[in-house]
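Enquirer: Following this message is one structure expressed as C-alpha cells.
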Amino acid sequence: MALSNLFTRRPAISALPAEAPEPKVWPEIGETWNPEGVSVVQRYYNQAHAVVLVYTACARYRCVVACLGCHFTKAHSAARSYDWMELSEAAEAANEHATTCRALPRDLPTRPGDATVHKLLHKRAREYQDGAKDNEFRIDALDLARLTIQRTNVWIEAALRKLADEQPDLLLLRTSHEGGAPRFFVRHYTPVS
Ligand SMILES: [Zn+2]
C-alpha cells in the first residue's frame, strides 16, 4: 500500500519519456508524396510545416522547386547560361523559400483523369503555335506542370504521339533514323487564302 502511494504521488514530470517522441508524419501534406512521373530529391519544411519539394521529372539533372503551401515554383536558373537548375541551386532556392514562406499546407493535387491531361497537353501545344515557324514542343517544358499532370515521360510521349496522329495540322512528330528520341514540333499557323 505504501509502495503504491509512493508511485501515485510521483510528480507528473517524472512520467515524461526520457527520449523525445518520434516525429509525426503527415503524408497528407506531402512528407511522403511521390506523384507519378516525378522523383522527389529533397524536402524542406516552411515556417508553417508545409513541405517545399525539390524534384526532377523529365531528366535527372533538371531540378524543380515547388512549395506545397503557397504556389511558389522555380525551374529556371538565374545564374547560368542554360535555363535549368542543378541540384545545388535548387536546394538553395528551396531552403531560402522555406525560411520565409508561412503558407499552411494546401491539399495535394489529385491525379487527373486521362482526358484532362490530354486536354492540358493540347492547350499547351496551342500556346506554342505562332504564324512564323514550327516550334519544338519539348517534354521538359512541362517540368513545372508535372505535379499536376502526374504521368510518366513514357505516358506523355505516347499522348503527344496520339495528338500528332490525330491533329497533324497542330503537332508534327519527327523521329531520327539513328533511333534517337522522337521530337515534337507545333506547326505554325497556315495562312488563310
Ligand atoms: Zn511557399
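Identifiers for the C-alpha cells are assigned positionally: chains receive A, B, ... in sequence, residues are indexed from 1 per chain, and ligands are indexed from 1 in the order shown.
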As a short mmCIF file (atom, residue, chain, number, x, y, z; two decimals) with N, CA and C atoms, in the first residue's frame, please: every residue in stretch 7-191 of chain A that a backbone DSSP assignment puts in strand (DSSP E or B).
Expert:
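Contents of the output file selection.cif:
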data_model
loop_
_atom_site.label_atom_id
_atom_site.label_comp_id
_atom_site.auth_asym_id
_atom_site.auth_seq_id
_atom_site.Cartn_x
_atom_site.Cartn_y
_atom_site.Cartn_z
N SER A 39 10.45 12.43 -59.47
CA SER A 39 11.33 11.89 -58.43
C SER A 39 11.64 13.01 -57.45
N VAL A 40 11.21 12.83 -56.20
CA VAL A 40 11.47 13.85 -55.19
C VAL A 40 12.90 13.65 -54.68
N VAL A 41 13.69 14.71 -54.76
CA VAL A 41 15.11 14.63 -54.40
C VAL A 41 15.32 15.14 -52.97
N GLN A 42 14.64 16.24 -52.61
CA GLN A 42 14.77 16.81 -51.26
C GLN A 42 13.41 17.38 -50.83
N ARG A 43 13.25 17.48 -49.50
CA ARG A 43 12.05 18.12 -48.94
C ARG A 43 12.48 19.06 -47.82
N TYR A 44 11.86 20.20 -47.77
CA TYR A 44 12.11 21.16 -46.68
C TYR A 44 10.77 21.52 -46.06
N TYR A 45 10.79 21.93 -44.79
CA TYR A 45 9.58 22.48 -44.17
C TYR A 45 9.61 23.99 -44.28
N VAL A 51 5.43 21.49 -46.90
CA VAL A 51 6.63 20.92 -47.50
C VAL A 51 7.02 21.68 -48.77
N VAL A 52 8.30 21.93 -48.90
CA VAL A 52 8.84 22.51 -50.14
C VAL A 52 9.66 21.41 -50.81
N LEU A 53 9.25 21.05 -52.03
CA LEU A 53 9.89 19.93 -52.73
C LEU A 53 10.98 20.39 -53.69
N VAL A 54 12.03 19.58 -53.80
CA VAL A 54 12.95 19.66 -54.94
C VAL A 54 12.75 18.35 -55.68
N TYR A 55 12.37 18.44 -56.97
CA TYR A 55 12.12 17.21 -57.71
C TYR A 55 12.70 17.28 -59.12
N THR A 56 12.82 16.11 -59.72
CA THR A 56 13.17 16.03 -61.14
C THR A 56 12.03 15.30 -61.84
N CYS A 63 16.40 20.15 -62.04
CA CYS A 63 15.71 20.19 -60.75
C CYS A 63 14.67 21.31 -60.71
N VAL A 64 13.56 21.02 -60.07
CA VAL A 64 12.46 21.98 -59.95
C VAL A 64 12.13 22.13 -58.46
N VAL A 65 11.77 23.34 -58.05
CA VAL A 65 11.34 23.60 -56.67
C VAL A 65 9.85 23.92 -56.68
N ALA A 66 9.11 23.32 -55.76
CA ALA A 66 7.68 23.63 -55.66
C ALA A 66 7.26 23.60 -54.20
N CYS A 67 6.58 24.67 -53.77
CA CYS A 67 6.09 24.75 -52.39
C CYS A 67 4.68 24.17 -52.33
N THR A 73 6.97 28.27 -57.38
CA THR A 73 7.71 27.26 -58.14
C THR A 73 8.93 27.93 -58.76
N LYS A 74 9.94 27.13 -59.03
CA LYS A 74 11.13 27.65 -59.71
C LYS A 74 11.75 26.51 -60.50
N MET A 85 17.99 24.25 -63.49
CA MET A 85 18.78 24.32 -62.24
C MET A 85 19.40 22.97 -61.91
N ASN A 135 7.56 25.37 -83.92
CA ASN A 135 8.31 25.45 -82.66
C ASN A 135 8.38 24.08 -82.00
N GLU A 136 9.55 23.74 -81.49
CA GLU A 136 9.68 22.44 -80.84
C GLU A 136 8.91 22.42 -79.52
N PHE A 137 8.18 21.35 -79.30
CA PHE A 137 7.45 21.16 -78.05
C PHE A 137 8.19 20.08 -77.27
N LEU A 171 0.44 19.29 -84.50
CA LEU A 171 1.68 18.72 -83.96
C LEU A 171 2.32 17.76 -84.95
N LEU A 172 3.63 17.92 -85.09
CA LEU A 172 4.38 17.09 -86.03
C LEU A 172 5.39 16.26 -85.23
N LEU A 173 5.43 14.97 -85.55
CA LEU A 173 6.39 14.08 -84.89
C LEU A 173 7.55 13.82 -85.84
N ARG A 174 8.76 14.05 -85.34
CA ARG A 174 9.95 13.75 -86.15
C ARG A 174 10.79 12.72 -85.43
N ARG A 183 10.99 13.80 -81.56
CA ARG A 183 10.84 15.23 -81.25
C ARG A 183 9.51 15.70 -81.81
N PHE A 184 8.89 16.58 -81.08
CA PHE A 184 7.58 17.08 -81.48
C PHE A 184 7.69 18.57 -81.82
N PHE A 185 7.00 18.95 -82.88
CA PHE A 185 7.02 20.36 -83.30
C PHE A 185 5.59 20.85 -83.49
N VAL A 186 5.31 22.00 -82.89
CA VAL A 186 3.99 22.63 -83.08
C VAL A 186 4.03 23.35 -84.41
#
Enquirer: Within 9 Å of ligand 1, counting only C-alpha atoms and all ligand atoms: which residues, as a PyMOL selection string?
Expert: chain A and resi 46-47+50-52+66-73+97-98+100-105
Enquirer: From a backbone DSSP assignment, name each residue in chain A labelled alpha helix (DSSP H), as a count of residues only.
Expert: 53
Enquirer: So what do you get for atom CA of A:Val154 versus atom CA of A:Leu120, distance-wise?
Expert: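 Distance reported for this atom pair: 16.4 Å.
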Enquirer: How far is it from atom CA of A:Asp114 to atom CA of A:Glu166, in Å with one decimal?
Expert: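 Atom CA of A:Asp114 sits 16.1 Å away from atom CA of A:Glu166.
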Enquirer: Counting only C-alpha atoms, figure out which residue out of A:Ala75, A:Ala125, A:Ala48, A:Ile156 gets nearest to A:Pro168.
Expert: A:Ala125
